[in-house]
Each structure stands twice: as C-alpha cells, then as structure tokens.
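Enquirer: This is my_file_11.csv, which holds CSV, C-alpha atoms:
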chain,number,residue,atom,x,y,z
A,1,ASN,CA,85.3,-12.6,-46.3
A,2,LEU,CA,83.9,-9.5,-44.7
A,3,HIS,CA,85.1,-10.5,-41.2
A,4,TYR,CA,88.7,-10.6,-42.6
A,5,ALA,CA,88.3,-7.1,-44.2
A,6,LEU,CA,86.9,-5.6,-41.0
A,7,SER,CA,89.7,-7.1,-39.0
A,8,ILE,CA,92.3,-5.6,-41.4
A,9,LEU,CA,90.6,-2.2,-41.1
A,10,LYS,CA,90.5,-2.4,-37.3
A,11,ASP,CA,94.2,-3.2,-37.2
A,12,THR,CA,95.4,-0.7,-39.8
A,13,LYS,CA,97.3,2.1,-38.2
A,14,ILE,CA,96.2,5.2,-40.2
A,15,GLU,CA,95.7,8.8,-39.4
A,16,GLU,CA,93.3,9.5,-42.3
A,17,SER,CA,89.6,9.2,-41.9
A,18,LEU,CA,88.1,6.2,-43.7
A,19,ILE,CA,84.6,5.3,-44.7
A,20,PHE,CA,83.9,1.6,-45.3
A,21,ASP,CA,80.4,1.0,-46.8
A,22,ILE,CA,79.1,-2.6,-47.0
A,23,TYR,CA,76.7,-3.6,-49.8
A,24,GLY,CA,74.7,-6.7,-50.5
A,25,PRO,CA,72.3,-9.0,-48.7
A,26,ILE,CA,73.0,-10.5,-45.3
A,27,GLU,CA,72.9,-14.2,-46.0
A,28,ASP,CA,74.2,-15.5,-42.7
A,29,LYS,CA,72.9,-13.7,-39.6
A,30,ASP,CA,75.5,-15.4,-37.2
A,31,TYR,CA,78.4,-14.3,-39.4
A,32,TRP,CA,76.9,-10.8,-39.7
A,33,LEU,CA,76.7,-10.6,-35.9
A,34,ARG,CA,80.4,-11.6,-35.6
A,35,CYS,CA,81.2,-8.8,-38.1
A,36,GLN,CA,79.2,-6.3,-36.1
A,37,GLN,CA,81.2,-7.1,-33.0
A,38,ILE,CA,84.3,-5.8,-34.9
A,39,PHE,CA,82.4,-2.5,-35.6
A,40,ALA,CA,82.4,-1.7,-31.8
A,41,ASP,CA,86.2,-2.0,-31.7
A,42,MET,CA,86.9,0.1,-34.8
A,43,PRO,CA,89.1,3.2,-34.3
A,44,ASP,CA,87.2,6.5,-34.3
A,45,ASN,CA,88.7,7.6,-37.7
A,46,ILE,CA,87.1,4.6,-39.4
A,47,THR,CA,83.3,4.7,-40.1
A,48,ILE,CA,81.5,1.5,-41.1
A,49,SER,CA,78.0,1.5,-42.6
A,50,TYR,CA,75.8,-1.2,-44.0
A,51,LYS,CA,74.0,0.1,-47.2
A,52,GLY,CA,72.1,-3.0,-48.2
A,53,PHE,CA,71.1,-4.1,-51.7
A,54,VAL,CA,71.9,-2.0,-54.8
A,55,GLU,CA,69.6,-2.1,-57.7
A,56,PRO,CA,71.5,-3.3,-60.8
A,57,SER,CA,70.8,0.0,-62.6
A,58,MET,CA,72.5,1.8,-59.8
A,59,ILE,CA,75.6,-0.3,-59.4
A,60,GLN,CA,78.0,1.8,-61.6
A,61,SER,CA,76.9,5.2,-60.1
A,62,THR,CA,77.2,3.8,-56.6
A,63,LEU,CA,80.6,2.3,-57.2
A,64,GLY,CA,81.7,5.6,-58.8
A,65,LYS,CA,81.4,7.4,-55.5
A,66,TYR,CA,84.3,5.5,-53.9
A,67,HIS,CA,88.1,5.2,-54.3
A,68,LEU,CA,88.9,1.7,-53.2
A,69,PHE,CA,87.1,-1.7,-53.7
A,70,PHE,CA,88.2,-3.8,-50.8
A,71,LEU,CA,87.3,-7.5,-51.3
A,72,PRO,CA,89.7,-10.0,-49.8
A,73,THR,CA,87.8,-12.9,-51.3
A,74,LYS,CA,88.6,-16.5,-50.5
A,75,GLY,CA,88.1,-17.3,-54.2
A,76,GLU,CA,86.4,-16.1,-57.4
A,77,ASN,CA,86.3,-17.8,-60.8
A,78,PHE,CA,85.7,-14.4,-62.5
A,79,GLY,CA,84.6,-11.9,-59.9
A,80,HIS,CA,81.8,-9.9,-61.5
A,81,ALA,CA,81.7,-7.4,-58.7
A,82,ILE,CA,85.4,-6.8,-59.0
A,83,VAL,CA,85.1,-6.3,-62.8
A,84,GLU,CA,82.2,-3.8,-62.3
A,85,ALA,CA,84.3,-1.9,-59.8
A,86,MET,CA,87.3,-1.8,-62.1
A,87,GLN,CA,85.2,-0.6,-65.0
A,88,VAL,CA,84.4,2.6,-63.2
A,89,GLY,CA,88.0,3.1,-62.1
A,90,LEU,CA,87.7,1.9,-58.5
A,91,ILE,CA,91.1,0.7,-57.3
A,92,PRO,CA,90.8,-3.0,-56.4
A,93,LEU,CA,92.3,-4.3,-53.2
A,94,ILE,CA,91.6,-8.0,-53.5
A,95,SER,CA,93.1,-11.3,-52.7
A,96,ASN,CA,95.2,-13.3,-55.1
A,97,LYS,CA,92.4,-15.9,-55.2
A,98,THR,CA,91.0,-14.3,-58.4
A,99,PRO,CA,92.0,-14.2,-62.0
A,100,TRP,CA,93.2,-10.6,-61.5
A,101,GLN,CA,96.6,-11.4,-60.1
A,102,ASP,CA,98.8,-9.0,-62.1
A,103,LEU,CA,97.3,-5.7,-61.0
A,104,GLU,CA,100.5,-4.3,-59.4
A,105,SER,CA,102.5,-4.8,-62.6
A,106,PHE,CA,100.0,-2.4,-64.3
A,107,THR,CA,99.8,0.0,-61.4
A,108,ALA,CA,96.1,-0.9,-61.4
A,109,GLY,CA,95.5,-2.0,-57.8
A,110,PHE,CA,96.5,-4.8,-55.4
A,111,SER,CA,96.1,-8.6,-55.5
A,112,LEU,CA,97.5,-9.8,-52.2
A,113,SER,CA,97.8,-13.0,-50.2
A,114,LEU,CA,95.3,-13.6,-47.4
A,115,GLU,CA,98.2,-15.0,-45.5
A,116,ASN,CA,99.8,-11.6,-45.2
A,117,PRO,CA,97.2,-9.2,-43.6
A,118,ASP,CA,99.9,-6.5,-43.2
A,119,SER,CA,100.1,-6.2,-47.0
A,120,PHE,CA,96.4,-5.2,-47.1
A,121,SER,CA,97.0,-2.6,-44.3
A,122,THR,CA,100.0,-1.2,-46.3
A,123,ALA,CA,97.8,-0.9,-49.4
A,124,ILE,CA,95.1,0.9,-47.5
A,125,ARG,CA,97.5,3.4,-46.1
A,126,LYS,CA,99.1,3.9,-49.6
A,127,VAL,CA,95.7,4.6,-51.3
A,128,ALA,CA,94.6,6.8,-48.3
A,129,GLN,CA,97.7,9.0,-48.9
A,130,PHE,CA,97.1,9.4,-52.7
A,131,ASP,CA,96.5,13.0,-53.8
A,132,ASN,CA,93.9,13.6,-56.4
A,133,GLU,CA,96.3,13.3,-59.3
A,134,GLU,CA,97.8,10.0,-58.1
A,135,PHE,CA,94.3,8.6,-57.6
A,136,LEU,CA,93.2,9.7,-61.1
A,137,ILE,CA,96.3,8.1,-62.7
A,138,VAL,CA,95.8,4.8,-61.0
A,139,SER,CA,92.0,4.9,-61.6
A,140,GLU,CA,92.7,5.3,-65.4
A,141,ASN,CA,95.2,2.4,-65.2
A,142,VAL,CA,92.5,0.3,-63.6
A,143,LYS,CA,90.0,1.1,-66.4
A,144,LYS,CA,92.6,0.4,-69.1
A,145,TYR,CA,93.6,-2.9,-67.4
A,146,ILE,CA,90.1,-4.3,-67.1
A,147,THR,CA,89.2,-3.2,-70.6
A,148,GLN,CA,92.2,-4.9,-72.0
A,149,LYS,CA,91.7,-8.1,-69.9
A,150,VAL,CA,88.0,-8.7,-70.6
A,151,ASN,CA,88.2,-7.8,-74.3
A,152,SER,CA,91.2,-10.0,-75.1
A,153,ASP,CA,90.7,-12.9,-77.5
A,154,GLU,CA,92.3,-15.3,-75.0
A,155,THR,CA,89.7,-14.4,-72.4
A,156,LEU,CA,86.8,-14.6,-74.8
A,157,GLU,CA,87.9,-18.0,-76.0
A,158,LYS,CA,88.2,-19.3,-72.3
A,159,TYR,CA,84.6,-18.2,-71.6
A,160,LYS,CA,83.3,-19.8,-74.9
A,161,ILE,CA,84.9,-23.1,-73.8
A,162,PHE,CA,83.6,-22.7,-70.2
A,163,PHE,CA,80.0,-22.0,-71.2
A,164,ASN,CA,79.9,-24.7,-73.9
A,165,LYS,CA,80.6,-27.4,-71.3
As structure tokens - that is how I would like this structure written.
Expert:
Amino acid sequence: NLHYALSILKDTKIEESLIFDIYGPIEDKDYWLRCQQIFADMPDNITISYKGFVEPSMIQSTLGKYHLFFLPTKGENFGHAIVEAMQVGLIPLISNKTPWQDLESFTAGFSLSLENPDSFSTAIRKVAQFDNEEFLIVSENVKKYITQKVNSDETLEKYKIFFNK
C-alpha cells in the first residue's frame, strides 16, 4: 500500500523535515510509476528515496537507523517486517489489518483504520515532534510489547496449530 503511504505523506501538514526511505523489490512497474508521480508533488521538507533490497543479515541494522515504520498494509496474517521493525524499537505506524491492533494501549505505536487517513497524518506529526526522551520511552515500549506478544504461550499455540494444518 505504498501509494496510500505516499499520499498520506504528501497531504500531511508538517514543519519538520521527514525522510521516507522505501525498501524492497519493485514487483509491479506500473504501480511503481504511479507512486513516483506522487514524489514530484511532495512538499520540499519531505525527502523520498528508494533504497532497494536489503540483505537479510542487514535488516536489523538498517531498521535501527529509523524512528518510524510506516506500513499502512491492506492486510497481514502476521507481518514479519512489522515484527522485525518492532524488535529493534522502531515505532510502528500500521493499519488495523494486522494482528497488532492494541499498540496504542501499550504506548507502543499506532494501528489505524485505512478509512481515516487523517489519523495517519496525526500520528506522523506526533512522532515528528517527539524529543529524544519521548522517542526512547516509546521505543522501549515497542520492544517490550513485541517480546511479550511473540513469546506468549497463546501465540505459540496458535502458530503450532496453523503450521500443523
């Protein structure tokens, strides 16, 4: 849902400078061209870069360079990329079409409805205004949240059932 994410960024009224780096393969060239068209209309304070594929051994160190993981997905059963981002303390800004729907109650990120794009803009502005202390607190909450979720007996039992089908 990169097009949606770029549209949100373009329409977010924000004074801070933002860097939005895109990782992963380009699987649909027509879709990528539509996304690139949004780049041209991006405000001057928002920089968009395509970084390409990341070697698996470099994923954690790459993710660790950022503050926010913006993935307004249309649906994830688990969301391995989301989990990897949270494991390094990256604040998730994701849709509520994932298993990670209770982030806000743990002050560990945002799980929002795709039908409310303004809520994504509000979250971006909020994180952009964090000072270092606020960021570190939320980042630690994110790590605790995902550790607790993926290591719970309930989660492990669900995956045993799923993989034994």
Enquirer: Env of range 56-59 of chain A: 12 Å cut, atoms = only C-alpha atoms, seq-sep filter 6 positions within chain, self excluded. Answer as a PyMOL selection string.
Expert: chain A and resi 23-24+65-66+80-85+87-88
Enquirer: I want to know what sits within 9 Å of Leu114 in chain A, based on all atoms listed in the file, with residues of the same chain fewer than 4 positions away left out; could you give that as an NGL selection string?
Expert: :A and (4 or 72-74 or 95-97 or 119-120)
Enquirer: Between A:Pro117, A:Gly89, A:Pro25, A:Gly79, which residue has the minimum interatomic distance to Thr12 in chain A, considering only C-alpha atoms?
Expert: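 Among the listed residues, the smallest separation from Thr12 in chain A belongs to A:Pro117.
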Enquirer: Would you list the contacts of Ile124 in chain A as a PyMOL selection string, taking every protein, DNA or RNA residue within 12 Å and counting all atoms listed in the file, but skipping same-chain residues closer than 5 positions in sequence?
Expert: chain A and resi 5+8-20+46+67-70+91-94+109-110+112+117-119+129-130
Enquirer: Just to confirm, what's the straight-line distance from CA of Leu90 in chain A to CA of Val138 in chain A in Å (one decimal)?
Expert: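 Atom-to-atom, CA of Leu90 in chain A and CA of Val138 in chain A are spaced 9.0 Å apart.
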Enquirer: Figure out the distance between CA of Ile48 in chain A and CA of Ser113 in chain A, please, to one decimal in Å.
Expert: 23.6 Å
Enquirer: Nearest residue to Phe106 in chain A out of A:Thr47, A:Gln36, A:Thr122, A:Ser139, using all atoms listed in the file?
Expert: A:Ser139
Enquirer: Give me the residues within 12 Å of Gln37 in chain A as a PDB file with C-alpha atoms, in the frame of the given file, counting only C-alpha atoms and dropping any in the same chain fewer than 6 places off.
Expert:
ATOM      1  CA  HIS A   3      85.100 -10.500 -41.200  1.00  0.00           C
ATOM      2  CA  LEU A   6      86.900  -5.600 -41.000  1.00  0.00           C
ATOM      3  CA  SER A   7      89.700  -7.100 -39.000  1.00  0.00           C
ATOM      4  CA  LYS A  10      90.500  -2.400 -37.300  1.00  0.00           C
ATOM      5  CA  ASP A  30      75.500 -15.400 -37.200  1.00  0.00           C
ATOM      6  CA  TYR A  31      78.400 -14.300 -39.400  1.00  0.00           C
ATOM      7  CA  ILE A  48      81.500   1.500 -41.100  1.00  0.00           C
TER       8      ILE A  48
END
Enquirer: I need the residue nearest Ala108 in chain A from this list: A:Glu140, A:Asp21, A:Glu133, A:Glu27. Use only C-alpha atoms for the distance.
Expert: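 Once distances to Ala108 in chain A are computed over only C-alpha atoms, the minimum belongs to A:Glu140.
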Enquirer: At what distance in Å, to one decimal, does CA of Ser105 in chain A lie from CA of Ile137 in chain A?
Expert: 14.3 Å
Enquirer: Could you rebuild range 38-49 of chain A with N, CA and C atoms and give it back as a compact mmCIF listing (two decimals), keeping the file's coordinate frame?
Expert:
# COMPACT_ATOMS: atom_id res chain seq x y z
N ILE A 38 83.04 -6.49 -34.50
CA ILE A 38 84.30 -5.80 -34.90
C ILE A 38 83.99 -4.28 -34.98
N PHE A 39 82.79 -3.92 -35.45
CA PHE A 39 82.40 -2.50 -35.60
C PHE A 39 82.68 -1.76 -34.27
N ALA A 40 82.32 -2.38 -33.16
CA ALA A 40 82.40 -1.70 -31.80
C ALA A 40 83.87 -1.42 -31.47
N ASP A 41 84.81 -2.19 -32.01
CA ASP A 41 86.20 -2.00 -31.70
C ASP A 41 86.96 -1.14 -32.73
N MET A 42 86.24 -0.62 -33.70
CA MET A 42 86.90 0.10 -34.80
C MET A 42 87.39 1.47 -34.26
N PRO A 43 88.57 1.89 -34.72
CA PRO A 43 89.10 3.20 -34.30
C PRO A 43 88.11 4.32 -34.73
N ASP A 44 88.17 5.44 -34.04
CA ASP A 44 87.20 6.50 -34.30
C ASP A 44 87.33 7.12 -35.70
N ASN A 45 88.49 6.99 -36.34
CA ASN A 45 88.70 7.60 -37.70
C ASN A 45 88.15 6.67 -38.80
N ILE A 46 87.59 5.51 -38.44
CA ILE A 46 87.10 4.60 -39.40
C ILE A 46 85.56 4.41 -39.20
N THR A 47 84.77 4.77 -40.20
CA THR A 47 83.30 4.70 -40.10
C THR A 47 82.84 3.50 -40.98
N ILE A 48 82.04 2.64 -40.38
CA ILE A 48 81.50 1.50 -41.10
C ILE A 48 79.99 1.66 -41.20
N SER A 49 79.46 1.44 -42.41
CA SER A 49 78.00 1.50 -42.60
C SER A 49 77.55 0.39 -43.51
